[in-house]
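What follows is one structure encoded as structure tokens, with my remarks underneath.
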Amino acid sequence: MRSLTFLKIIFVLVFVGWIMVWILLPTKVYKNTWNPQLENKLNSTYFREQGTNLLLFTFPVVFMGALGSIYLHLHLQKPENLSSKSGGTANRRLSFLRRPFVVMSPIGILTSMELIFALMFAALLIWSLSNYLHISFGHLHMHMEGEKVWQAKLRSVSLRAGYIGNICWAFLFFPVTRASSILPLLGLTSESSIKYHIWLGHLSMVLFAVHTLGFFIYWGITDQMKEALEWSKTYVSNVAGIIASVIALAMWVPSFPRFRRKMFEVFFYSHHLYTLYILFYGIHVGVEYMCMIAPGIFLFLVDRHLRFLQSRQNAPLLSARILPCAALELNFSKTPSLYYNPTSIVYINVPKISKLQWHPFTVISSCNMEKDILSVAIKTEGSWTNKLYQELSSSALDHLNVSVEGPYGPSTSHFLRHDELVLVSGGSGITPFISIIRELIFQNQQESHVPRVLLVCAFKNSVDLTMLDLMLSVFGSTTQISNLQLQIEAYVTREKEEPRDSEKPIQTKWFKPALSDTPISVVLGPNNWLCLAAIISSSFLMFLLLLGIITRYYIYPIENNSDEVYHWTFKVLWFLFLLFAVICVCSSAVFLWWKKQNTFESKQIMNVEIPTPTRSPGPWIYGSERELESLPHQSLVQATNVHFGVRPDLKKILFDCKGKDIGVLVCGPRNMRHEVARICSSGLADNLHFESISFTW
């Protein structure tokens, strides 16, 4: 425990130091005192002008990435840390920071902690811009004869807007690094942090738009439009900047919510232009500024390459449960060592439907209870999921190639610390709560502390009630649900009474995995985080070594012997090439080593014969005269109250909860999440502790 605390203290100190560098960067002290001294000591013949920024901006983040990986490895070695029961008092003391403070569209739900960090980041941007402009306006340089003061100030403002956009870009890639070792130490997951990526993306685009338009206006009024076509050998390439702006615009427009919902494929494919954007952006700003944004890109690319390696394998699909409400449960084989927490998600690719598209879905199984099985729930709500539903419904199908990436999710089972849980869901939003309930069944079997559970679920039609059947595993591992203190209040909003006709039964289809299929496992094995620390450290050291060799023995002799400056663009290309190359080499080497070690275990798992039920469980909710199939089904029926033609009165339900420590989790439509957030933040019930789960980015 002391070692974890020590590592966390070091992490915090390095993080604060890194932020302090950003704060000091636009000041006169840094420009006139620190920077010249650092350049004298660090700009050697091995690293030249990038030496200072490599030390101040790149190294701290890479160090935090490696340190965070070691911390998470040690954290996983202590089972008591995973349930988040320890530190309960501290969690309660800080609970007020996790309460919703701002609930409004389009911002969404902001906790007090998020608002504090948002204001601090805004303060950093304002501070940086004001300092840059103060110093610039105090020493205006006229770039041409007859240039007016206001024209010079316009140029200065446009340039500094680009500087501030660069700060946003330095943070842009952290939220989308799915297997990040930094986010968990800040109490975040990639899924919950996507909104920060969206905010940073919009803000950086506005700033870069000001930067670009400002310069075009400046060139226009000073008769310098030819500057837009300049590809300088020794300085900023304006053409590369314009190309980067066009690419950024092509990514930005499809990312707006209305566009993204209607034309998701356009959004999905256009966002893959980020590689070209990084290339031309780097050529535009040069290697010094690339060192500032490189650490976020570096950690993202490590994660992205590992995900690519994992996704090249097909996962063994064992069975599919087909519900009459057009929902699916896919059951895959996994290695027993694969650990994940409830509310985790995986990304799924079905080449038969689309070779390029990956879609996130909720994991509903408990890794503690179902050691060899990973189950995923899918509700058909778009063209891709509809095609999958039709494909699996085909009677002739006995095998389907599926690739799985993940799982990704929280590092602890935080919900176990509460005395009571209120789970509020709308439609397919019930799926993350199924994983929680399955985990609670396991914890109850272990005679651990298990909170009472009230599940409030709203559905449009009565056929959607069959989603509740997913609480019962097709493999029979959830037979002890009767021992759980579970109450279900189900609301069918578009029907006023129970239908008389019985719906279609639930079907379970079994598949034959191919010999080449590989059980889902942690991408780098049981010591995944330790291996990730090794990849981050070794690849960065290799990058520094190769960059130093290229600079000292190739670039430096050219500049030193011929009085020429090595081409600005080629320096950036070397920087990016070496960065990508070392990541690919180190990540691939560790992944292939682990795959070789894992071959025997995978073969053993594939040879294990998994028992199949003699019959598929059917929708119990229809027909009171129908004989119930099993004790778990009976328990589920007894725990469920169905209300037709009404919506849940969430205020009454939540205020009627009288426990001292009640965790309130909500997953569903935006209006439902916002309503629950407002109730919990009203101050009328201090016992309600709110958390929102949203996968609608």
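Naming scheme: A, B, ... for chains in displayed order of the structure tokens; residues 1 onward per chain; ligands 1 onward as shown.
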Next item on the list: Considering only C-alpha atoms, return as a ChimeraX atom specification whatever protein or nucleic-acid residues lie within 12 Å of A:Trp34, sequence-local ones (same chain, fewer than 4 positions apart) excluded.
Entry: /A:21,24-30,38-42,52,56
Next item on the list: For stretch 198-205 of chain A, work out the shell of residues within 7 Å, counting only C-alpha atoms and skipping chain neighbours fewer than 3 positions away, then give it as a VMD selection string.
Entry: chain A and resid 165 168 to 169 172 194 to 195 208 to 209
Notebook entry, point to check: In terms of the shortest atom-to-atom distance over only C-alpha atoms, which of A:Ile506, A:Met104, A:Ile437, A:Ile164 is closest to A:Leu207?
Noted result: A:Ile164
Check: What separation in Å, quoted to one decimal, exists between atom CA of A:Thr493 and atom CA of A:Leu468?
Finding: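 Straight-line distance from atom CA of A:Thr493 to atom CA of A:Leu468 works out to 16.1 Å.
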Margin query: Applying 10 Å and only C-alpha atoms, which residues near stretch 645-649 of chain A remain after dropping the ones on its own chain fewer than 5 positions away? List them as a ChimeraX atom specification.
Written below: /A:424,456-461,489-498,654
Take the residues just selected and output them with C-alpha atoms as a PDB file, in the first residue's frame.
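Final file, again_33.pdb:
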ATOM      1  CA  VAL A 424     -32.150   3.913 -13.639  1.00  0.00           C
ATOM      2  CA  VAL A 456     -35.918   1.201 -12.490  1.00  0.00           C
ATOM      3  CA  CYS A 457     -36.102   0.455 -16.210  1.00  0.00           C
ATOM      4  CA  ALA A 458     -38.261   2.123 -18.850  1.00  0.00           C
ATOM      5  CA  PHE A 459     -39.088   0.510 -22.194  1.00  0.00           C
ATOM      6  CA  LYS A 460     -41.177   1.693 -25.121  1.00  0.00           C
ATOM      7  CA  ASN A 461     -42.925  -1.638 -25.789  1.00  0.00           C
ATOM      8  CA  GLU A 489     -39.704  -1.669 -11.369  1.00  0.00           C
ATOM      9  CA  ALA A 490     -40.279  -1.956 -15.116  1.00  0.00           C
ATOM     10  CA  TYR A 491     -42.262   0.673 -17.051  1.00  0.00           C
ATOM     11  CA  VAL A 492     -43.780   0.122 -20.501  1.00  0.00           C
ATOM     12  CA  THR A 493     -44.558   3.623 -21.743  1.00  0.00           C
ATOM     13  CA  ARG A 494     -46.359   3.015 -25.064  1.00  0.00           C
ATOM     14  CA  GLU A 495     -48.743   0.209 -24.055  1.00  0.00           C
ATOM     15  CA  LYS A 496     -51.526   0.503 -21.491  1.00  0.00           C
ATOM     16  CA  GLU A 497     -51.974  -3.183 -20.694  1.00  0.00           C
ATOM     17  CA  GLU A 498     -50.176  -6.502 -20.901  1.00  0.00           C
ATOM     18  CA  LEU A 654     -35.356   8.635  -5.490  1.00  0.00           C
TER      19      LEU A 654
END
Checklist line | Residue with smallest distance to A:Gly138 - pool A:Arg261, A:Gln443, A:Lys153, A:Leu124, counting only C-alpha atoms | finding: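 Distance minimum relative to A:Gly138 lands on A:Lys153.
If you measure from each of A:Leu115, A:Ile293, A:Leu470, A:Val637 to A:Ile364 using only C-alpha atoms, the closest one turns out to be A:Leu470.
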Notebook entry, point to check: Could you name the residues that touch A:Ala534 at 10 Å or less, counting only C-alpha atoms, but leaving out those on the same chain fewer than 5 positions away, as a list in words?
Noted result: Ala66, Ser69, Ile70, Asn528, Trp529, Ser539, Phe540, Cys586, Ser587 and Val590 of chain A
Using the selection just defined, write its residues with C-alpha atoms as a CSV table (one decimal), in the first residue's frame.
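Writing done, so here's again-v7.csv:
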chain,number,residue,atom,x,y,z
A,66,ALA,CA,5.2,4.3,-17.6
A,69,SER,CA,1.4,1.4,-15.8
A,70,ILE,CA,3.5,0.2,-12.9
A,528,ASN,CA,-0.4,-6.3,-19.2
A,529,TRP,CA,0.3,-3.1,-17.4
A,539,SER,CA,10.2,2.7,-27.4
A,540,PHE,CA,10.9,6.2,-26.0
A,586,CYS,CA,8.6,-2.5,-29.6
A,587,SER,CA,4.9,-3.1,-29.4
A,590,VAL,CA,6.2,-7.7,-26.8
Next item on the list: Take atom CA of A:Val363 and atom CA of A:Val474 and report the distance between them in Å, one decimal.
Entry: 14.6 Å
